[in-house]
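Novice: Can you read through this structure? Questions will come right after.
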Amino acid sequence: LGGSIARALKRMSDSTVVDEAAFAACLNEISRALLQADVRFASVKDLQANVRTTVNLASLPAGANKRHVITQAVVAELCRMLDPGTPPPFSPTKSKGTTTRPSVVMLVGLQGSGKTTTCAKYAAHHRRKGFSPALVCADTFRAGAFDQLKQNAAKANIPFYGSYAETDPVKVAVDGVETFLRSEQRHDLIIVDTSGRHRQEAALLEEMRQVAEAVRPDLVILVMDASIGQAAFDQARAFKESVPVGAVIVTKMDGHAKGGGALSAVAATKAPVIFIGTGEHVGEFEPFDPKPFVSRLLGMGDLSGLVNKIKDAMPDQQQNTNPEEMVQKLMTGGAFTLRMMYDMFQNLREMGPLGQLFSMLPGGFGGELMAKGREKEGQAKIKRYMTIMDSMTAAELDSTDPKMMNESRIVRIARGSGRQVKDVKEMLEEHKRMAKMMKKMPKMMPNLNNNRRCD
Ligand code: GDP
Ligand code: MG
């Protein structure tokens with residue numbers, strides 16, 4: 001007997017065990033966080049399916065931290081989704097003393113996404129890496145666009161090209177690129193800023209296609225505002241259909257938006273995120289690192305926070321009585337409250353650890369509720385008793401005073417649960433029987449405490 005109880009207890013202490021229901025709840029919680037972070041519904045569904053196939057709870061070795069396994073699977077899956085499997089077609093690298101062929105990089109994106117700001121950031125970043133960058137303003141649509149680029153460029157001390165008179169973006173782009181290629185300053189990274197607005201989106205996309213065709217960029221970068229939301233996928237796809245988007249930069253990551261749209265942009269363009277913008281200033285720019293990005297998507301400051309969050313989301317016994325704690329209490333002669341009975345019933349129905357213990361207890365414990373061959377009847381009773389207890393107050397459930405359940409309370413509970421007074425009394429009788437039995441538990445199982453001490 002002692003052995004089987006010890007085993008049951010062992011199972012309970014593993015009731016950090018994540019069963020299938022808890023697994024599903026955990027995945028739902030994560031999915032909610034991702035949807036709130038503007039990750040596309042289709043991507044969330046994919047993630048759920050993939051995590052389900054990578055995590056096989058049943059095959060994990062005993063003692064494995066299952067929550068940890070799930071967490072890791074989710075993070076890995078999100079990182080995988082952020083990795084299109086192809087590096088950007090061009091990524092400027094430079095080691096001292098080598099002369100690289102001058103490269104042309106073109107930034108595209110909607111008005112306000114942060115292109116002009118990002119042009120200066122991108123240029124400054126590469127200058128620190130040893131490049132000699134220059135900026136070309138090919139936004140002839142918006143009045144003041146050139147002035148803005150000029151200001152940004154001047155602040156970062158980067159040469160720039162633009163025109164107040166020329167209205168053809170293709171011509172400005174080509175003139176600018178050629179000017180810098182011919183320049184004696186030997187620029188090796190020419191960055192073309194483009195327009196973001198047009199009378200019609202189709203006209204903007206056509207303009208991008210023409211500029212790209214004329215300047216033949218080594219890399220086209222799609223710039224996206226982190227707060228773009230669910231529109232990200234369609235927008236990124238539209239750009240990709242017009243120009244060969246090879247990389248993505250997500251801006252305004254310093255704001256409230258979690259940037260789930262980046263996942264959509266990656267999915268739509270098959271291009272990786274390479275940098276994020278974290279502020280208005282030229283230095284507020286970082287190479288993209290998927291892990292912190294993913295933890296932000298999930299709404300946590302860090303990954304260990306995620307583990308806690310998942311723990312919180314677990315609809316397990318922690319919300320009520322901790323099974324191990326409960327057995328400890330009973331073993332040391334503590335009172336068996338109505339809430340404990342409720343939790344036992346709950347566990348019994350789900351065959352959770354308490355239910356397993358319950359069914360193993362000696363002497364046909366639980367009496368007729370567990371009687372062999374009458375399980376259906378027993379289950380119906382348990383359900384009825386639980387409905388009645390649902391109408392009880394917390395104080396009533398936790399009370400250790402048997403006299404608390406007076407006539408007026410019983411009438412109120414009966415009315416609240418839609419049951420008759422005699423049903424409530426029957427439930428209370430059952431509880432009394434069980435409580436009596438529980439009192440005997442330490443004596444019935446002398447081995448239990450010994451076992452635990454030996455462990
Ligand atoms: P464009 O229309 O695509 O060229 O966008 P702009 O470069 O003009 O940027 C639009 C606004 O967003 C400006 O006020 C920028 O200062 C701001 N902005 C750009 N990038 C960031 C960023 O990473 N963080 C914050 N907070 N603001 C940004
Ligand atoms: Mg601009």
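Chain labels follow the order of the structure tokens: the first chain is A, the next B, and so on; residue numbering restarts at 1 in every chain, and ligands are counted from 1 in their shown order.
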Could you report the residues within 7 Å of ligand 2, using only C-alpha atoms and all ligand atoms, as a PyMOL selection string?
Specialist: chain A and resi 111-112+114-116+139+145+193-196
Novice: Output the selection as a PDB file, in the first residue's frame - N, CA and C atoms for each residue.
Specialist:
ATOM      1  N   GLN A 111       4.615  56.032 -46.710  1.00  0.00           N
ATOM      2  CA  GLN A 111       4.829  57.337 -46.082  1.00  0.00           C
ATOM      3  C   GLN A 111       4.776  57.223 -44.564  1.00  0.00           C
ATOM      4  N   GLY A 112       5.765  57.760 -43.903  1.00  0.00           N
ATOM      5  CA  GLY A 112       5.743  57.766 -42.442  1.00  0.00           C
ATOM      6  C   GLY A 112       6.323  56.512 -41.809  1.00  0.00           C
ATOM      7  N   GLY A 114       9.278  55.549 -41.891  1.00  0.00           N
ATOM      8  CA  GLY A 114      10.591  55.857 -41.314  1.00  0.00           C
ATOM      9  C   GLY A 114      11.736  55.700 -42.304  1.00  0.00           C
ATOM     10  N   LYS A 115      11.431  55.714 -43.601  1.00  0.00           N
ATOM     11  CA  LYS A 115      12.474  55.523 -44.613  1.00  0.00           C
ATOM     12  C   LYS A 115      13.589  56.548 -44.522  1.00  0.00           C
ATOM     13  N   THR A 116      13.215  57.825 -44.533  1.00  0.00           N
ATOM     14  CA  THR A 116      14.230  58.874 -44.580  1.00  0.00           C
ATOM     15  C   THR A 116      15.126  58.808 -43.342  1.00  0.00           C
ATOM     16  N   ASP A 139      12.629  61.031 -53.475  1.00  0.00           N
ATOM     17  CA  ASP A 139      11.230  61.338 -53.162  1.00  0.00           C
ATOM     18  C   ASP A 139      10.932  62.725 -53.710  1.00  0.00           C
ATOM     19  N   ALA A 145      10.556  66.789 -48.742  1.00  0.00           N
ATOM     20  CA  ALA A 145      11.231  65.504 -48.569  1.00  0.00           C
ATOM     21  C   ALA A 145      12.750  65.666 -48.653  1.00  0.00           C
ATOM     22  N   ASP A 193      16.766  56.937 -51.053  1.00  0.00           N
ATOM     23  CA  ASP A 193      15.513  57.128 -50.322  1.00  0.00           C
ATOM     24  C   ASP A 193      14.419  57.355 -51.361  1.00  0.00           C
ATOM     25  N   THR A 194      13.242  56.789 -51.128  1.00  0.00           N
ATOM     26  CA  THR A 194      12.175  56.905 -52.124  1.00  0.00           C
ATOM     27  C   THR A 194      10.921  57.511 -51.515  1.00  0.00           C
ATOM     28  N   SER A 195       9.955  57.725 -52.367  1.00  0.00           N
ATOM     29  CA  SER A 195       8.679  58.287 -51.947  1.00  0.00           C
ATOM     30  C   SER A 195       7.849  57.212 -51.253  1.00  0.00           C
ATOM     31  N   GLY A 196       6.889  57.661 -50.456  1.00  0.00           N
ATOM     32  CA  GLY A 196       6.042  56.684 -49.763  1.00  0.00           C
ATOM     33  C   GLY A 196       4.582  56.902 -50.032  1.00  0.00           C
TER      34      GLY A 196
END
Novice: Within 10 Å of ligand 1, counting only C-alpha atoms and all ligand atoms, which protein or nucleic acid residues do you find, written as a ChimeraX atom specification?
Specialist: /A:107-121,139,142,145,148-149,152,193-197,223-226,249-256,276-286
Novice: Mind listing the strand (DSSP E or B) residues of range 15-239 of chain A, per DSSP on the backbone, as a PDB file with N, CA and C atoms, in the first residue's frame?
Specialist:
ATOM      1  N   SER A 103      28.173  49.730 -53.827  1.00  0.00           N
ATOM      2  CA  SER A 103      26.877  49.068 -53.735  1.00  0.00           C
ATOM      3  C   SER A 103      25.768  50.096 -53.686  1.00  0.00           C
ATOM      4  N   VAL A 104      24.640  49.721 -54.258  1.00  0.00           N
ATOM      5  CA  VAL A 104      23.464  50.597 -54.222  1.00  0.00           C
ATOM      6  C   VAL A 104      22.367  49.898 -53.436  1.00  0.00           C
ATOM      7  N   VAL A 105      21.854  50.606 -52.437  1.00  0.00           N
ATOM      8  CA  VAL A 105      20.776  50.070 -51.607  1.00  0.00           C
ATOM      9  C   VAL A 105      19.596  51.023 -51.707  1.00  0.00           C
ATOM     10  N   MET A 106      18.419  50.467 -51.937  1.00  0.00           N
ATOM     11  CA  MET A 106      17.226  51.307 -52.110  1.00  0.00           C
ATOM     12  C   MET A 106      16.222  50.977 -51.005  1.00  0.00           C
ATOM     13  N   LEU A 107      15.695  52.004 -50.348  1.00  0.00           N
ATOM     14  CA  LEU A 107      14.717  51.796 -49.294  1.00  0.00           C
ATOM     15  C   LEU A 107      13.321  52.112 -49.816  1.00  0.00           C
ATOM     16  N   VAL A 108      12.387  51.206 -49.565  1.00  0.00           N
ATOM     17  CA  VAL A 108      11.000  51.443 -49.958  1.00  0.00           C
ATOM     18  C   VAL A 108      10.100  51.262 -48.737  1.00  0.00           C
ATOM     19  N   PRO A 133      29.522  56.034 -47.111  1.00  0.00           N
ATOM     20  CA  PRO A 133      28.170  56.062 -47.660  1.00  0.00           C
ATOM     21  C   PRO A 133      27.764  57.442 -48.183  1.00  0.00           C
ATOM     22  N   ALA A 134      26.726  57.439 -49.025  1.00  0.00           N
ATOM     23  CA  ALA A 134      26.138  58.680 -49.518  1.00  0.00           C
ATOM     24  C   ALA A 134      24.646  58.469 -49.718  1.00  0.00           C
ATOM     25  N   LEU A 135      23.877  59.549 -49.605  1.00  0.00           N
ATOM     26  CA  LEU A 135      22.415  59.439 -49.684  1.00  0.00           C
ATOM     27  C   LEU A 135      21.867  60.145 -50.910  1.00  0.00           C
ATOM     28  N   VAL A 136      20.859  59.510 -51.511  1.00  0.00           N
ATOM     29  CA  VAL A 136      20.177  60.113 -52.654  1.00  0.00           C
ATOM     30  C   VAL A 136      18.701  60.227 -52.313  1.00  0.00           C
ATOM     31  N   CYS A 137      18.148  61.409 -52.484  1.00  0.00           N
ATOM     32  CA  CYS A 137      16.716  61.587 -52.215  1.00  0.00           C
ATOM     33  C   CYS A 137      15.925  61.469 -53.510  1.00  0.00           C
ATOM     34  N   ALA A 138      15.220  60.368 -53.675  1.00  0.00           N
ATOM     35  CA  ALA A 138      14.403  60.188 -54.877  1.00  0.00           C
ATOM     36  C   ALA A 138      12.926  60.344 -54.560  1.00  0.00           C
ATOM     37  N   PHE A 160      24.996  63.992 -49.500  1.00  0.00           N
ATOM     38  CA  PHE A 160      23.646  63.706 -50.001  1.00  0.00           C
ATOM     39  C   PHE A 160      23.462  64.332 -51.382  1.00  0.00           C
ATOM     40  N   TYR A 161      22.481  63.836 -52.074  1.00  0.00           N
ATOM     41  CA  TYR A 161      22.132  64.357 -53.382  1.00  0.00           C
ATOM     42  C   TYR A 161      20.614  64.461 -53.481  1.00  0.00           C
ATOM     43  N   LEU A 189      28.937  52.959 -50.806  1.00  0.00           N
ATOM     44  CA  LEU A 189      27.584  52.547 -50.404  1.00  0.00           C
ATOM     45  C   LEU A 189      26.630  53.702 -50.691  1.00  0.00           C
ATOM     46  N   ILE A 190      25.844  53.530 -51.725  1.00  0.00           N
ATOM     47  CA  ILE A 190      24.930  54.603 -52.117  1.00  0.00           C
ATOM     48  C   ILE A 190      23.510  54.192 -51.756  1.00  0.00           C
ATOM     49  N   ILE A 191      22.879  55.020 -50.921  1.00  0.00           N
ATOM     50  CA  ILE A 191      21.566  54.670 -50.360  1.00  0.00           C
ATOM     51  C   ILE A 191      20.503  55.573 -50.974  1.00  0.00           C
ATOM     52  N   VAL A 192      19.508  54.965 -51.587  1.00  0.00           N
ATOM     53  CA  VAL A 192      18.469  55.726 -52.273  1.00  0.00           C
ATOM     54  C   VAL A 192      17.182  55.744 -51.446  1.00  0.00           C
ATOM     55  N   ASP A 193      16.766  56.937 -51.053  1.00  0.00           N
ATOM     56  CA  ASP A 193      15.513  57.128 -50.322  1.00  0.00           C
ATOM     57  C   ASP A 193      14.419  57.355 -51.361  1.00  0.00           C
ATOM     58  N   THR A 194      13.242  56.789 -51.128  1.00  0.00           N
ATOM     59  CA  THR A 194      12.175  56.905 -52.124  1.00  0.00           C
ATOM     60  C   THR A 194      10.921  57.511 -51.515  1.00  0.00           C
ATOM     61  N   LEU A 219      20.469  45.799 -53.253  1.00  0.00           N
ATOM     62  CA  LEU A 219      19.555  45.390 -52.186  1.00  0.00           C
ATOM     63  C   LEU A 219      18.395  46.376 -52.100  1.00  0.00           C
ATOM     64  N   VAL A 220      17.180  45.855 -52.042  1.00  0.00           N
ATOM     65  CA  VAL A 220      16.001  46.679 -51.765  1.00  0.00           C
ATOM     66  C   VAL A 220      15.531  46.334 -50.356  1.00  0.00           C
ATOM     67  N   ILE A 221      15.431  47.366 -49.526  1.00  0.00           N
ATOM     68  CA  ILE A 221      15.005  47.146 -48.134  1.00  0.00           C
ATOM     69  C   ILE A 221      13.596  47.697 -47.949  1.00  0.00           C
ATOM     70  N   LEU A 222      12.718  46.855 -47.431  1.00  0.00           N
ATOM     71  CA  LEU A 222      11.369  47.318 -47.093  1.00  0.00           C
ATOM     72  C   LEU A 222      11.378  47.842 -45.664  1.00  0.00           C
ATOM     73  N   VAL A 223      10.969  49.108 -45.491  1.00  0.00           N
ATOM     74  CA  VAL A 223      10.923  49.714 -44.162  1.00  0.00           C
ATOM     75  C   VAL A 223       9.488  49.676 -43.662  1.00  0.00           C
ATOM     76  N   MET A 224       9.305  49.125 -42.472  1.00  0.00           N
ATOM     77  CA  MET A 224       7.961  48.983 -41.913  1.00  0.00           C
ATOM     78  C   MET A 224       7.889  49.523 -40.507  1.00  0.00           C
ATOM     79  N   ASP A 225       6.832  50.228 -40.242  1.00  0.00           N
ATOM     80  CA  ASP A 225       6.546  50.731 -38.900  1.00  0.00           C
ATOM     81  C   ASP A 225       6.071  49.543 -38.048  1.00  0.00           C
TER      82      ASP A 225
END
Novice: Report as a ChimeraX atom specification all protein, DNA and RNA residues lying within 12 Å of Pro402 in chain A, evaluated on only C-alpha atoms, omitting residues in the same chain fewer than 6 positions from it.
Specialist: /A:335-338,396,428-429,431-432,435-436
Novice: For Val215 in chain A, which residue out of A:Arg199, A:Asp175, A:Gly246, A:Ser391 is the nearest one, using only C-alpha atoms?
Specialist: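 Smallest distance to Val215 in chain A is found for A:Asp175.
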Novice: Could you tell me how far CA of Gln36 in chain A sits from CA of Gly229 in chain A, in Å to one decimal place?
Specialist: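 Separation of CA of Gly229 in chain A and CA of Gln36 in chain A: 9.3 Å.
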Novice: Quick one: pull the distance between CA of Leu34 in chain A and CA of Leu298 in chain A, Å, one decimal.
Specialist: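 One can read the CA of Leu34 in chain A to CA of Leu298 in chain A distance as 6.0 Å.
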Novice: From the list A:Phe141, A:Ala165, A:Ala232, A:Ala238, which residue is nearest His198 in chain A when using only C-alpha atoms?
Specialist: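 For His198 in chain A, the nearest of the candidates is A:Phe141.
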Novice: Would you compute the distance between CA of Cys79 in chain A and CA of Glu20 in chain A? Give it in Å to one decimal.
Specialist: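 Result for CA of Cys79 in chain A versus CA of Glu20 in chain A: 24.2 Å, one decimal.
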Novice: Leaving out Ser264 in chain A and any residue of its chain fewer than 2 positions from it, which residues lie within 12 Å of it when counting only C-alpha atoms, given as a ChimeraX atom specification?
Specialist: /A:34-35,37-44,78,81-84,224,226,228-237,248,250,259-262,266-273
Novice: Neighbouring residues of range 209-214 of chain A were defined as those with any atom within 9 Å, considering only C-alpha atoms; residues of the same chain fewer than 2 positions away were excluded. Please report them as a list in words.
Specialist: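 So the residues in contact are Met106, Ala138, Pro169, Val170, Lys171, Ala173, Val174, Thr194, Leu204, Leu205, Glu206, Glu207, Arg216, Pro217, Val220, Ser242, Val243 and Pro244 of chain A.
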Novice: Convert the current residue selection to file output with C-alpha atoms, as a JSON list (two decimals), in the first residue's frame.
Specialist:
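Generated output (out_18.json):
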[["chain", "number", "residue", "atom", "x", "y", "z"],
["A", 106, "MET", "CA", 17.23, 51.31, -52.11],
["A", 138, "ALA", "CA", 14.40, 60.19, -54.88],
["A", 169, "PRO", "CA", 12.02, 60.39, -59.33],
["A", 170, "VAL", "CA", 13.73, 58.02, -61.78],
["A", 171, "LYS", "CA", 15.89, 60.84, -63.13],
["A", 173, "ALA", "CA", 17.72, 58.58, -58.55],
["A", 174, "VAL", "CA", 19.89, 57.86, -61.57],
["A", 194, "THR", "CA", 12.17, 56.91, -52.12],
["A", 204, "LEU", "CA", 3.59, 54.35, -55.97],
["A", 205, "LEU", "CA", 4.42, 50.72, -56.66],
["A", 206, "GLU", "CA", 4.93, 51.48, -60.34],
["A", 207, "GLU", "CA", 7.27, 54.32, -59.43],
["A", 216, "ARG", "CA", 19.61, 48.38, -60.34],
["A", 217, "PRO", "CA", 20.07, 48.24, -56.55],
["A", 220, "VAL", "CA", 16.00, 46.68, -51.76],
["A", 242, "SER", "CA", 6.89, 45.33, -57.67],
["A", 243, "VAL", "CA", 10.49, 45.33, -56.45],
["A", 244, "PRO", "CA", 12.86, 42.54, -55.33]]
Novice: Mind checking which residues fall within 12 Å of Val421 in chain A, counting only C-alpha atoms, ignoring those fewer than 2 positions away in the same chain, and posting them as a PyMOL selection string?
Specialist: chain A and resi 388+406-419+423-428
